[in-house]
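Down below is the structure, laid out as structure tokens.
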Amino acid sequence: MLGEHLTQEQADEYAIGSLEPELERAIALHLAECPACRDIVRDAERLAALLAVSQPVRRASPRLRQRVLTAAGIRKPGPAWRAFTIGRAAAGLAAIIVAAGAFSGMLGLRTQVNALRSQNADLQRQIDEALSQKVALAALTQKLEDQEAVAAELRETLKSDSELFIALISPSSQVAAVVSVDPSRGSIGRLVWDDDQKRVWFVASQLRQLPPGETYQLWVNSGGRYYSLGTFAPDDAGFARYETRLPEGITSYDTAVVTIERAGGSPTREGPAVFFVTDLSRLTRN
Amino acid sequence: MDGNPTPAGIRNIDRAVEFPRPAGAELAGRTEWTDEALMLAILERDQHAFAVLYDRYVDLVYSAAYRILGDAGLAEDTVQDVFVRLWRRPETFIAERGRFISWLMSVTRHRALDELRARGRRWKREGGPLGDPVESAEPVFHPGDPDPSASAELAEERAAVRRALESLPADQRRALELAYFGGLTQQEIAAYLHEPLGTIKTRIRLGMQKLRRGLERHR
């Protein structure tokens, strides 16, 4: 299995994803703590990426661009971008008019044409300068709106943050790492088990959105039996914080797992596991 | 928007890194920015930086997704997922951990393989990851062609790896492709090809060694 450091062969196998899941998880955990091995894997992953981009290149549909921008929430190009486009078009039109005049052979107009060219260049410079200012202003406005939204969200979560903090510092609580079965993702959150408050918190990030009809469901295994702690869904950013009471009659657990079940949850564990709890012994503080 | 982004804008990055950004850059100047500078601008919600990065890499992302999924519609879905994630969570790219293109291809591969597994099409589909690249009516540009979307360095590295890949024995190339594009483990490859596990491990090891040497010779 693993020595003190990864071999080049192991790094290569990890980078192209050919290892068995158990060994991949072990390597992912090792990489979290070993900068030297991260460097080896980084180079191997670069080679693997080149393997991907060395395939024959296909042109994506031009329509896909607007679809992606819309899905990303960039609903319209924005005034600066439109002005940029219009400005370029206007400048191009002016240039065409000037060129047409020159080709007409009307030498008497040459002075006027040159003047128009000069004006056109000046206008272009002004357009570019205005566009730069508009872009900067749009970015600042967007940044301000983002920060206001973040502040509102922070205020709303402050109260429940305090409750979670109390659980985290409680001497009777247990904190365990939540690890993805996908070894490239490693630890993605924590499970906090608080006997005092009789509550459990599941906090994780990097969760992918599930399609309609499916939900994440949290289970704990105690005495060889799985107990459902309920279902939850991540927010748009893939973050989830789920809180619930301890199941009746359960004072401790052996392990925990998150599965994907049908919408509404399943009475028994049926779907595939996507996250599990590990490092319990290292992180338990009582 | 001019000048380097401030360290405060670099979230989830262990230490502040400054990337060159043309002073007094105009709107169109973003096309000359490095990938990392564009990502920092995206952290600041710069929509135009996102558009430039999309235009720069959409064909590579689409091609990799298509190679894995063998379906234009699914590949487009993957492109959308990858770039929407890039826009919404740019902080997941950590510059110190590798080049942007490595991160982008890794995200693309994982997303496409997730889709492949979810649909259970791995063993059923014609061609695709377990076969040769699928031909279609869509225009295909081979890596030897000039690619204006890629930097000169990346284009040269692609050409070097492509040459190394073409020089590999077919069984070594097949093992690498089944692992990387098919998402198969070594044991799954051995079962699929009816070969001993040790043989598959050797093919993958030798294949990666030769690719690495091919790239080093290029440098």
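Just remember, in the structure tokens the first chain shown is A, the second B, etc., residues are 1-based per chain, and ligands are 1-based in the order shown.
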
Quick one: which residues from chain A are at most 7 Å off chain B, using only C-alpha atoms, as JSON, numbers by chain?
{"A": [9, 12, 16, 17, 18, 19, 20, 42, 45, 46, 49, 50, 51, 52, 53, 54, 56, 57, 58, 59, 60, 68, 71, 72, 132, 136, 139, 143]}

For the residues in that selection, give me N, CA, C and O atoms as a compact mmCIF listing (two decimals), in the first residue's frame.
# COMPACT_ATOMS: atom_id res chain seq x y z
N GLU A 9 4.78 6.04 -9.74
CA GLU A 9 3.77 5.15 -10.31
C GLU A 9 2.42 5.37 -9.61
O GLU A 9 1.38 5.46 -10.27
N ASP A 12 0.98 8.66 -10.71
CA ASP A 12 0.42 8.56 -12.06
C ASP A 12 -0.93 7.86 -12.05
O ASP A 12 -1.89 8.29 -12.70
N ILE A 16 -4.63 9.60 -13.18
CA ILE A 16 -5.53 9.19 -14.27
C ILE A 16 -6.73 8.43 -13.74
O ILE A 16 -7.58 7.99 -14.51
N GLY A 17 -6.81 8.27 -12.42
CA GLY A 17 -8.03 7.70 -11.82
C GLY A 17 -8.19 6.22 -12.00
O GLY A 17 -9.30 5.71 -12.11
N SER A 18 -7.07 5.46 -12.00
CA SER A 18 -7.18 4.02 -12.25
C SER A 18 -7.08 3.20 -10.97
O SER A 18 -7.08 1.97 -11.04
N LEU A 19 -6.98 3.85 -9.81
CA LEU A 19 -6.82 3.10 -8.56
C LEU A 19 -8.16 2.66 -8.01
O LEU A 19 -9.20 3.25 -8.31
N GLU A 20 -8.11 1.63 -7.17
CA GLU A 20 -9.32 1.21 -6.49
C GLU A 20 -9.73 2.29 -5.48
O GLU A 20 -8.88 3.01 -4.96
N ARG A 42 0.62 16.82 -8.50
CA ARG A 42 0.29 17.98 -9.34
C ARG A 42 0.90 17.82 -10.73
O ARG A 42 0.25 18.07 -11.75
N GLU A 45 -1.01 15.15 -12.55
CA GLU A 45 -2.31 15.62 -12.99
C GLU A 45 -2.19 16.54 -14.20
O GLU A 45 -3.07 16.59 -15.06
N ARG A 46 -1.07 17.27 -14.26
CA ARG A 46 -0.85 18.11 -15.43
C ARG A 46 -0.69 17.25 -16.68
O ARG A 46 -1.23 17.56 -17.75
N ALA A 49 -4.01 15.97 -17.63
CA ALA A 49 -4.81 17.01 -18.30
C ALA A 49 -4.38 17.15 -19.75
O ALA A 49 -5.22 17.35 -20.65
N LEU A 50 -3.09 17.04 -20.01
CA LEU A 50 -2.62 17.12 -21.39
C LEU A 50 -3.14 15.94 -22.21
O LEU A 50 -3.39 16.06 -23.40
N LEU A 51 -3.30 14.80 -21.52
CA LEU A 51 -3.91 13.64 -22.19
C LEU A 51 -5.31 14.02 -22.67
O LEU A 51 -5.72 13.66 -23.78
N ALA A 52 -6.02 14.76 -21.85
CA ALA A 52 -7.39 15.17 -22.21
C ALA A 52 -7.39 16.16 -23.36
O ALA A 52 -8.14 16.01 -24.33
N VAL A 53 -6.54 17.18 -23.26
CA VAL A 53 -6.60 18.24 -24.28
C VAL A 53 -5.88 17.85 -25.56
O VAL A 53 -5.92 18.59 -26.53
N SER A 54 -5.21 16.68 -25.56
CA SER A 54 -4.53 16.23 -26.78
C SER A 54 -5.46 15.45 -27.68
O SER A 54 -5.05 14.98 -28.73
N PRO A 56 -8.64 14.94 -30.31
CA PRO A 56 -9.13 15.80 -31.41
C PRO A 56 -10.10 16.84 -30.88
O PRO A 56 -10.95 16.52 -30.05
N VAL A 57 -9.94 18.06 -31.35
CA VAL A 57 -10.75 19.16 -30.83
C VAL A 57 -12.03 19.29 -31.64
O VAL A 57 -12.00 19.29 -32.88
N ARG A 58 -13.14 19.37 -30.93
CA ARG A 58 -14.44 19.59 -31.56
C ARG A 58 -14.92 21.00 -31.22
O ARG A 58 -14.70 21.45 -30.10
N ARG A 59 -15.55 21.64 -32.16
CA ARG A 59 -16.07 22.98 -31.91
C ARG A 59 -17.42 22.88 -31.21
O ARG A 59 -18.32 22.21 -31.70
N ALA A 60 -17.55 23.54 -30.09
CA ALA A 60 -18.84 23.60 -29.41
C ALA A 60 -19.78 24.52 -30.19
O ALA A 60 -19.34 25.43 -30.89
N VAL A 68 -24.92 29.04 -21.53
CA VAL A 68 -24.07 28.99 -20.34
C VAL A 68 -24.13 30.32 -19.59
O VAL A 68 -24.24 30.34 -18.35
N ALA A 71 -27.37 30.41 -17.74
CA ALA A 71 -27.37 29.49 -16.59
C ALA A 71 -26.50 30.02 -15.46
O ALA A 71 -26.76 29.76 -14.28
N ALA A 72 -25.47 30.77 -15.83
CA ALA A 72 -24.58 31.33 -14.79
C ALA A 72 -25.20 32.55 -14.12
O ALA A 72 -24.63 33.08 -13.17
N SER A 132 -14.14 51.91 -20.45
CA SER A 132 -13.32 51.48 -19.32
C SER A 132 -13.95 51.94 -18.01
O SER A 132 -14.00 51.19 -17.03
N ALA A 136 -15.55 49.59 -15.00
CA ALA A 136 -15.12 49.70 -13.60
C ALA A 136 -16.32 49.97 -12.70
O ALA A 136 -16.45 49.39 -11.62
N ALA A 139 -18.47 46.87 -12.28
CA ALA A 139 -17.83 45.90 -11.38
C ALA A 139 -18.00 46.32 -9.93
O ALA A 139 -18.27 45.50 -9.06
N LYS A 143 -20.02 44.37 -7.08
CA LYS A 143 -19.32 43.99 -5.86
C LYS A 143 -20.11 44.45 -4.63
O LYS A 143 -20.24 43.71 -3.64

Within 12 Å of Arg269 of chain A, counting only C-alpha atoms, which residues show up once you throw out same-chain ones fewer than 6 positions away? Write them as JSON, numbers by chain, please.
{"A": [216, 217, 218, 219, 220, 221, 225, 226, 227, 228, 229, 230, 231, 256, 257, 258, 259, 260, 261, 262]}

From the options A:Val192, A:Gln142, A:Leu116, A:His5, which residue's atoms come nearest to Ile42 of chain B, counting only C-alpha atoms?
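Among the listed residues, the smallest separation from Ile42 of chain B belongs to A:Gln142.
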
Residue neighbourhood Glu36 of chain B, 7 Å, only C-alpha atoms, exclusion window fewer than 2 positions, as a ChimeraX atom specification:
/B:19,34,38-40,100

Show me, as a ChimeraX atom specification, the residues that have an atom within 8 Å of Ala11 of chain A when counting only C-alpha atoms, minus same-chain residues fewer than 5 positions from it.
/A:6,40-41,44

For the selection you just gave me, I'd like the residues written to a file as a CSV table (one decimal), in the first residue's frame, keeping all heavy atoms.
chain,number,residue,atom,x,y,z
A,6,LEU,N,4.5,8.9,-1.7
A,6,LEU,CA,4.0,8.3,-2.9
A,6,LEU,C,5.1,8.0,-3.9
A,6,LEU,O,6.1,8.8,-4.0
A,6,LEU,CB,2.9,9.1,-3.6
A,6,LEU,CG,1.7,9.5,-2.9
A,6,LEU,CD1,0.8,10.3,-3.8
A,6,LEU,CD2,1.0,8.2,-2.5
A,40,ILE,N,4.3,16.0,-6.5
A,40,ILE,CA,4.4,14.9,-7.4
A,40,ILE,C,3.0,14.7,-8.1
A,40,ILE,O,3.0,14.5,-9.4
A,40,ILE,CB,4.8,13.6,-6.7
A,40,ILE,CG1,6.2,13.8,-6.1
A,40,ILE,CG2,4.8,12.4,-7.7
A,40,ILE,CD1,6.6,12.6,-5.2
A,41,VAL,N,2.0,14.7,-7.4
A,41,VAL,CA,0.6,14.5,-8.0
A,41,VAL,C,0.2,15.6,-8.9
A,41,VAL,O,-0.4,15.4,-9.9
A,41,VAL,CB,-0.4,14.2,-6.8
A,41,VAL,CG1,-1.8,14.3,-7.4
A,41,VAL,CG2,-0.2,12.9,-6.2
A,44,ALA,N,1.7,15.0,-12.1
A,44,ALA,CA,1.1,13.9,-12.8
A,44,ALA,C,-0.3,14.3,-13.3
A,44,ALA,O,-0.7,13.9,-14.4
A,44,ALA,CB,0.9,12.7,-11.8

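Compared by their closest atoms to Leu116 of chain B, and using only C-alpha atoms, the residues B:Thr78, B:Gln172, B:Thr31, B:Thr199 rank with B:Thr78 nearest.
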